[in-house]
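J.: So that we are looking at the same thing, I have put the structure below in structure tokens.
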Amino acid sequence: MSLADKLAQTEALLQEIARTHGKVALANSFGAEDMVLTHLIAKLALPITIFSLDTGRLPLETYDLMQKVGEAYPAYPIRVYYPDAAALEAYVNENGINAFYNSVEQRKSCCHIRKIAPLKRALSGLDAWITGLRRQQSPTRQDLGDREHDADNGLMKYNPLIEWTEKDIWAYIHEHGVPYNALHDKHVPSIGCAPCTRPIAMGEDIRAGRWWWENPESKECGLHVKASPLKRPD
């Protein structure tokens with residue numbers, strides 16, 4: 001399928017989402033995929049809000065892009081959600097500032113405080129949310145569809161770029177002058193918290209730089225739990 005065909009499908013799905021649901025938001029983590037979706041939502045002038053999770057450990061380049069996005073898309077101000085201060089203080093004081101390196105359990109606890117709990121607040125009251133997930137990103141995302149019921153959060157979840165390749169994403173960004181994270185130019189295709197993100201080497205999987213000390217078959221932060229994909233209606 002050509003990029004033009006994928007783009008047409010994505011735009012149609014975004015318009016369908018806006019028509020179908022009253023309150024919809026894009027979760028923007030300021031990676032390349034989320035910037036493509038931000039640009040498309042603004043281009044189509046869709047009634048879709050945008051939010052982001054600031055974990056408190058984001059790279060400087062991500063904060064720079066956050067500022068730039070606010071200036072580039074003034075009609076779509078990004079609502080930022082932060083971790084609960086008391087929960088974060090308790091975790092750090094008990095385990096240490098970089099305890100997430102010690103075990104998968106402690107890393108997931110950190111992710112829960114910094115990401116999962118703020119996400120719950122961000123999704124509260126919404127009918128649906130949109131992500132930049134793609135099948136090509138990791139083994140844990142191979143079975144995803146373009147839509148699914150997010151049972152954990154009790155609403156619909158859409159992945160409009162599910163069929164896009166890395167090449168498709170960058171072709172769109174360059175053609176349309178979409179702002180993107182400067183870390184992408186430093187061999188960092190998948191960007192999360194600074195201590196849990198590293199550049200990748202030639203030939204490595206695009207998410208090899210995320211939690212690189214863990215098993216790639218199972219590493220996720222918990223924002224995107226596996227669910228049964230729903231097919232498009234015929």
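FYI, nothing fancy with the structure tokens labels: chains A, B, ... in order, residues from 1 per chain, ligands from 1 as they appear.
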What's the 8 Å shell around segment 50-63 of chain A, counting only C-alpha atoms, without same-chain residues fewer than 5 positions away, as a PyMOL selection string?
T.: chain A and resi 25-30+38+76-83+114-115+118-119+122+181-183+192-195
J.: Which of segment 102-172 of chain A end up as strand (DSSP E or B) when DSSP is run on this backbone - answer as a list in words?
T.: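 Those residues are Ala128, Trp129, Ile130, Arg147, Glu148, His149, Asp150, Leu155, Met156, Lys157 and Tyr158 of chain A.
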J.: Mind checking which residues fall within 12 Å of Cys110 of chain A, counting only C-alpha atoms, ignoring those fewer than 6 positions away in the same chain, and posting them as a PyMOL selection string?
T.: chain A and resi 55-57+83-84+87-92+94-104+116-117+193+195-196+221-222
J.: Hey, what's within 10 Å of Ile17 of chain A if we count only C-alpha atoms and toss same-chain stuff fewer than 6 positions away? As a compact mmCIF listing (two decimals) with N, CA and C atoms, in the first residue's frame, please?
T.:
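Just written: part_10.txt:
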# COMPACT_ATOMS: atom_id res chain seq x y z
N GLU A 11 -6.55 9.74 7.53
CA GLU A 11 -7.40 10.94 7.60
C GLU A 11 -8.87 10.55 7.74
N LYS A 23 -15.90 13.28 23.15
CA LYS A 23 -14.67 13.78 23.75
C LYS A 23 -13.52 12.83 23.41
N VAL A 24 -12.61 13.32 22.60
CA VAL A 24 -11.49 12.52 22.12
C VAL A 24 -10.20 13.29 22.32
N LEU A 46 -9.84 19.19 13.34
CA LEU A 46 -10.74 18.27 14.03
C LEU A 46 -10.91 18.66 15.50
N PRO A 47 -12.09 18.41 16.06
CA PRO A 47 -12.35 18.72 17.47
C PRO A 47 -11.76 17.66 18.39
N ILE A 48 -10.45 17.52 18.33
CA ILE A 48 -9.72 16.53 19.12
C ILE A 48 -8.69 17.28 19.97
N ASP A 127 -14.27 9.83 25.79
CA ASP A 127 -14.95 8.71 25.13
C ASP A 127 -13.97 7.84 24.35
N ALA A 128 -12.84 8.42 23.96
CA ALA A 128 -11.85 7.69 23.17
C ALA A 128 -10.52 8.42 23.23
N TRP A 129 -9.43 7.66 22.97
CA TRP A 129 -8.13 8.30 22.86
C TRP A 129 -7.37 7.74 21.68
N ILE A 130 -6.39 8.52 21.23
CA ILE A 130 -5.65 8.22 20.01
C ILE A 130 -4.16 8.11 20.34
N MET A 156 -12.72 3.62 24.06
CA MET A 156 -12.13 3.18 22.81
C MET A 156 -10.74 3.79 22.64
N LYS A 157 -9.88 3.02 21.98
CA LYS A 157 -8.51 3.45 21.71
C LYS A 157 -8.24 3.24 20.23
N TYR A 158 -7.67 4.25 19.59
CA TYR A 158 -7.41 4.20 18.16
C TYR A 158 -5.93 4.38 17.86
N PRO A 160 -4.27 5.22 14.51
CA PRO A 160 -4.46 5.53 13.08
C PRO A 160 -3.24 5.29 12.20
J.: Between atom CA of Gln15 of chain A and atom CA of Ile41 of chain A, what is the spacing in Å?
T.: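 Distance between the two atoms: 8.9 Å.
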J.: From the set A:Ala72, A:Cys111, A:Leu7, A:Leu155, which residue has the shortest atom-to-atom contact distance to Gly22 of chain A, counting only C-alpha atoms?
T.: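 Once distances to Gly22 of chain A are computed over only C-alpha atoms, the minimum belongs to A:Leu155.
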J.: Can you list, as a count of residues only, all residues belonging to segment 2-220 of chain A that DSSP tags as alpha helix (DSSP H)?
T.: 80
J.: Give me the residues within 10 Å of Trp212 of chain A as a CSV table (one decimal) with N, CA, C and O atoms, in the first residue's frame, counting only C-alpha atoms and dropping any in the same chain fewer than 6 places off.
T.:
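Done, and the output landed in selection.csv:
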chain,number,residue,atom,x,y,z
A,196,CYS,N,16.1,6.1,30.5
A,196,CYS,CA,15.6,4.9,30.0
A,196,CYS,C,15.6,4.9,28.5
A,196,CYS,O,15.0,4.0,27.8
A,197,THR,N,16.4,5.8,27.9
A,197,THR,CA,16.4,5.9,26.4
A,197,THR,C,17.9,6.1,26.0
A,197,THR,O,18.6,6.9,26.6
A,198,ARG,N,18.3,5.4,25.0
A,198,ARG,CA,19.7,5.5,24.5
A,198,ARG,C,19.6,5.4,22.9
A,198,ARG,O,18.7,4.9,22.4
A,200,ILE,N,20.4,4.0,19.2
A,200,ILE,CA,20.6,2.6,18.8
A,200,ILE,C,21.7,2.5,17.8
A,200,ILE,O,22.1,3.5,17.1
A,219,LYS,N,9.0,-5.9,27.0
A,219,LYS,CA,9.1,-4.6,27.6
A,219,LYS,C,8.1,-3.6,27.1
A,219,LYS,O,8.1,-3.3,25.9
J.: Could you check which of A:Ala85, A:Leu65, A:Met1, A:Val36 is closest to Glu175 of chain A, using only C-alpha atoms?
T.: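 Ranking A:Ala85, A:Leu65, A:Met1, A:Val36 by distance to Glu175 of chain A, first place goes to A:Val36.
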J.: Here is a test: counting only C-alpha atoms, which residue of A:Thr131, A:Asp205, A:Glu105, A:Trp164 is nearest to Leu14 of chain A?
T.: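 Among the listed residues, A:Thr131 lies closest to Leu14 of chain A.
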J.: Using only C-alpha atoms, determine which residues lie at most 10 Å from Tyr180 of chain A, disregarding the query and same-chain residues fewer than 3 positions distant; provide the list as a VMD selection string.
T.: chain A and resid 30 to 36 61 to 62 64 to 66 68 to 69 170 173 to 174 177 183 to 185
J.: I'd like the neighbourhood of Ile162 of chain A as a PyMOL selection string, where a residue qualifies if any of its atoms comes within 10 Å (using only C-alpha atoms), though same-chain residues fewer than 4 positions away should be ignored.
T.: chain A and resi 6+10+131-137+141-142+144-147+158
J.: I need the residue nearest Glu163 of chain A from this list: A:Glu71, A:Pro179, A:Lys108, A:Asp143. Use only C-alpha atoms for the distance.
T.: A:Asp143
